[in-house]
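J.: Take a look at the following structure, please.
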Amino acid sequence: EMNGQWIPAEHPSRRKRPWGVKVEARCCRGVGRAPQLENLRHRPPDSQPGQGRLSSLGLTSVIDKYLYHMRLSEETLQEVSQRFGKEMEKGLGADTNPTASVKMLPTFVRSTPDGTEDGDFLALDLGGTNFRVLRVKVSDNGLQKVEMENQIYAIPEELMRGSGVQLFDHIAECLANFMDKLKIKDKKLPLGFTFSFPCHQTKLDESILVTWTKGFKCSSVEGKDVVSMLRKSIKKRGDFDIDIVAVVNDTVGTMMTCGYDDHNCEVGLIVGTGTNACYMEEMRHIDLVEGDEGRMCINMEWGAFGDDGVLNDIRTEFDREIDMGSLNPGKQLFEKMISGMYMGELVRLILVKMAKEGLLFGGRYVSAIEKEKEGLQKAHEILTKLGLEPSHEDCVATHRICQIVSTRSANLCGATLAAVLRRIKENKGVDRLRSTVGVDGSVYKKHPHFARRLHKTVRKLLPDCEIRFVRSEDGSGKGAAMVTAVAYRLAAQHKARQKILEALKLSHEQLLEVKQRMRVEMEKGLGKETHAEAAVKMLPTYVCSTPDGTEKGDFLALDLGGTNFRVLLVRVRNGMRRGVEMHNKIYSIPVEIMQGTGEELFDHIVHCISDFLEYMGMKGVSLPLGFTFSFPCQQNNLDEGILLKWTKGFKATGCEGEDVVNLLKEAIHRREEFDLDVVAVVNDTVGTMMTCGYEDPYCEVGLIVGTGSNACYMEEMRNVELVEGEEGRMCVNMEWGAFGDNGCLDDIRTEFDVAVDELSLNPGKQRFEKMISGMYLGEIVRNILMDFTKRGLLFRGRISERLKTRGIFETKFLSQIESDCLALLQVRSILQHLGLETTCDDSIIVKEVCTVVARRAAQLCGAGMAAVVDKIRENRGLDFLKVTVGVDGTLYKLHPHFSTVMHETVKQLSPKCEVTFLQSEDGSGKGAALITAVACRIREAGQR
C-alpha cells in the first residue's frame, strides 16, 4: 500500500519512484489484481451481502484497486505533459524531426480569421465513403455572417479501389453537378479542400498523399499531389473552372471554423473515432520551413505520441493487448489510449480479464453507460442485449470501469493539450495566457463527462491560464472554406499594401537619377552665379586641411547645439605616443537664459568655461579654442560664423545676424579672468570628418544621419567660386537636407512625404532630410499605417486615438522593430505600448512598413554620398578613388540595417570608388579641437 492506496506490481513507483514518494508496497499475485476479486468471480447469483456477495461500494473499491494503474495522479499528468512538450520540440527541429514520433507537420496556414473575411467560396470535404461539397458565403459588413449550402455525394466501392484518375473524375463530376444546381458554373470560385488522409504538405495548395486509409486503395495516388490530380480532372471536363487555394485536414478546419467566431482561437482539437490537435506556432521555431516571421499552423499528428516508448511506464496490459490486435501494431499508441475507436474495446478487455466472460462492447456503449441518472439501467440493457444475465453488481462494475477508462482518456488528452497551451504562453512571453481551443469529435461532444474532465485537467495543470473551449459546428467543410477565405483576404490585402508601398521602393535607375540630380545641385551651390537660387548651398567652412598626424598641444573645445552644452580639454600628442586625450564637463542652459538677451547667454557660457578651467586646475592659461556651433550660420572665415536664425528653442536677443565668435570674445573680455584664442567655428558634420580624419588620413568626407542629416567633403578650391583662391582644398558644408526644395525630387516623393512635410514646422524646406533622417522616418511610417488602417488593411480597420497623434511613432521604434534579434512578440509589445491592439499579422505588416521606409532612406542617403565621392574622383582625374567617410548620428549607428543598405548603394552607384565608412566617436567636440589643432599647425608653419 502507498498512503493507504493499493499499488499494482507494474506501477512505475515500484520501479523508479518518479514522484519522490516513499513507498512500502505489498502486492498480490497477478498484475493489478486485488485479493477480493475472487468474490466477484465466484459469487453465487442469489447470494446476499455478507454471504460472499460484495456491496456496490465494496465492488467499486475492488475495481478501483484492480485498475489502479489507469488512475493517473496530477504529478503523473504533469510528467506526461512535460514529456509531450519535449516531443513537440523534437518534431519542430530539422535534425530531430526524422526520428520524432510527434511529427509536427507544417500546414502553410499562416493566419486565423480576423472577422473581416468576405466572399463566396466552395469547399470539398473528403474523408470517407461519402464526401460533401459546400458553398460558403462569408460577409463582413460590420456583422460577421456565414451562409452555407451543401450536398453529400457517395463514392462507390469500385471507385475507392479503382484508379486515382477515376476517383478524381468522379469528384469533379459531383462538383459540376453541385454548381449546376446552384447555377454558379460560370463563376471561378476559390475552393478549399479538406482531405483527411495522411499527407505531406509543401505549400498551402499542395498536398502529397503518403498512404491511403479508411478503406481507400486507389492506384497511382500515393506519392502524388492530390490538388494537381483534382485540377487535371476539372480541366479535362472544361465546363467549369475553380481556383483551388488550400488543402487542409479536419483538425485545422476545426480551428479555423472556431477562429471565425472567436479570434483568440489558436488551437484545434479532435477527440472522436481518432484524435489529433493543431495550433499556431511561431515561424522562428519551425525548422522545416524557410523564414522566421509570423506564425504557421502545425498539424501535430499527436496520436503517435508514445510510439518511441516514452509512455511505456503508464501503458497497461490492456493497452498492449489492444495494440497487438490492431491493424497497425506499435503505431498511434497515444490515440489507442484516448480515442473513441478503442475505449469500448478497453472496457471489454477489462471485463473479460476480470470476469472471464466474453463481453463485447462497442465504443458507443461507454458514453451511454456513464450517464449518471440512467447509467446503471443502460448498463443492464446493454449487458442483457449481449445475451448476459447481469446482476446489479455486474452493472455497477461495468459503470465504474467505463468511468475509469474515459476519465483516463480525458486526463491524458488534457495533459498533452496543457503542453500545447504552455508552449503558446511561452512563445508569447505573457504571465497569463488567454486562449481558445476549437474542439470537434464524437467523444468530446457526446460523452456526458469527457469535456468537463478534460477542462478540469487543463485548469489544474495550467492554473495561470484562462482557456476557453468552443465546439465546432460543421468544422471540416466550413473550416476549409475559412482557410480559403483567410488566404484570399491575406492575398488581396498583401496586393493592396504592395501597391501602396511600391512608390517607396526605388529601382537602380531611380537611384542613379537621384545621384545625378544631386551632382547638378552641388554644381549650382558651388557656382557664384547660381548659388543664390541653389537648394544645396555648398557653404565654404574655411577648413582647408585634415589632420596629418603632426598636430600637438592642448586645446579647448566648446560644443553648443541644444539645451545642454559641453566644455572639453583636448590634449593632442604626436610621435610615439600619438593620440587624443579628452576631459569634458556638461553644463545646462536654463530656459530663461535661452530666451533672454545674447549678453546673458554668452556670459553664462563663459562662466561655465571658467568653472571648467578651475575644475581642470588651468585657471589663467590661454588656450586655442574650437567652437562647434550647430545652428544655421554663414561663414566668411574659419573663425567667423554669422548666426542666420536661432532654432531648437533658443530665442536670445541680439544674436541673429551677428558673428557668434565676436559675441563669445566680448563675453570673455567682460569677465577679465582669462583669455582664449577662438581659432575656429564649425558645425558638427565638419567636426565628424576631422575626428575620423585624425584616425584615417583617407577621410575626406563627413556625414551625419541622426535626427537630421548633412554632409561635407574636401572640394578643390578652384571649384569653390564663393571664396578667392585656386590652390588647395576646402571643406564644403553641403547642407544637403535642402536637396529637393526646388522640386527636383517631386517625382519620387510620395503622398506620405507630402503629408509629413506639410504638417512640419518648416513646410517646403529640408525635403531630402525629411525623407532620410530620424526626426521624420517614424512620422512617415505612422502616416502609412494610418492609410493602411483606413483601407482595412491593418489593425482590422480600427484606428486608435494614439495612432492619430503626430510624432507618436518615434524613429527609435523603427530601429527596435527591425532588429533581427527581436521577436515579433516584442514588436507587438512596442505597438501595444502605443495603444495599438495587434495580431501577429499586424506586427509583420508594421515591420515590413518600417523596413521599406528605412531602406529607402538608406538608399537615398547612399545615392547622395555616391554623388559626393564620384565628384572627388573626377575632380582629381582618377580612374579609381580610395576614400573614407567619417559618420555620426543615431540612425546610422543604432538602426540594424541602415548602414549596410547605404554602403551597398554607394558601392552599386559608384563602382570606381572604394569607400570605407568610419564611425565617429565623440565627433563634435573632439572635431572642433582637431580643426583648431590643424589651424594652429598651419598658422605656425606659415609664421616660420
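FYI, nothing fancy with the C-alpha cells labels: chains A, B, ... in order, residues from 1 per chain, ligands from 1 as they appear.
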Return as number ranges by chain the full set of residues in range 190-284 of chain A whose backbone-based DSSP assignment is alpha helix (DSSP H).
T.: A: 226-237, 250-261
J.: Write out as number ranges by chain the set of residues from range 698-890 of chain A that DSSP, computed on the backbone, places in strand (DSSP E or B).
T.: A: 699-705, 709-716, 729-733, 881-888
J.: Using only C-alpha atoms, pick whichever of A:Cys913, A:Met300, A:Val705, A:Ile830 has the shortest atom-to-atom distance to Lys770 in chain A.
T.: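 Between A:Cys913, A:Met300, A:Val705, A:Ile830, the residue approaching Lys770 in chain A most closely is A:Val705.
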J.: Between A:Arg432, A:Arg83, A:Arg749, A:Arg295, single out the one closest to Asp308 in chain A, counting only C-alpha atoms.
T.: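 Looking only at the distances to Asp308 in chain A, the closest residue turns out to be A:Arg83.
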J.: Could you state the separation of CA of Met256 in chain A and CA of Leu230 in chain A in Å, given to one decimal place?
T.: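 It comes out at 23.2 Å.
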J.: Determine, counting only C-alpha atoms, which protein, DNA and RNA residues have an atom within 9 Å of an atom of range 191-194 of chain A; residues of the same chain fewer than 6 positions away are not included. Present the result as a PyMOL selection string.
T.: chain A and resi 121-127+205+227+242-250+253+476-477+479-485
J.: Within 10 Å of Val868 in chain A, counting only C-alpha atoms, which residues qualify if same-chain residues fewer than 6 places away don't, as a ChimeraX atom specification?
T.: /A:515,518-519,522,701,711-715,734,862,910
J.: Between CA of Leu676 in chain A and CA of Pro624 in chain A, what is the distance in Å, rounded to a tenth?
T.: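 Between CA of Leu676 in chain A and CA of Pro624 in chain A the gap is 6.0 Å.
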J.: Quick one: contact table of range 844-864 of chain A to range 737-748 of chain A, 12 Å max, nearest atom pair and distance in Å to one decimal per residue, counting only C-alpha atoms, chain and number order, as a Markdown table?
T.:
| residue | atom | partner | partner_atom | distance |
| --- | --- | --- | --- | --- |
| A:Arg856 | CA | A:Ile748 | CA | 10.6 |
| A:Leu860 | CA | A:Ile748 | CA | 10.5 |
| A:Cys861 | CA | A:Gly737 | CA | 10.2 |
| A:Gly864 | CA | A:Phe739 | CA | 9.4 |
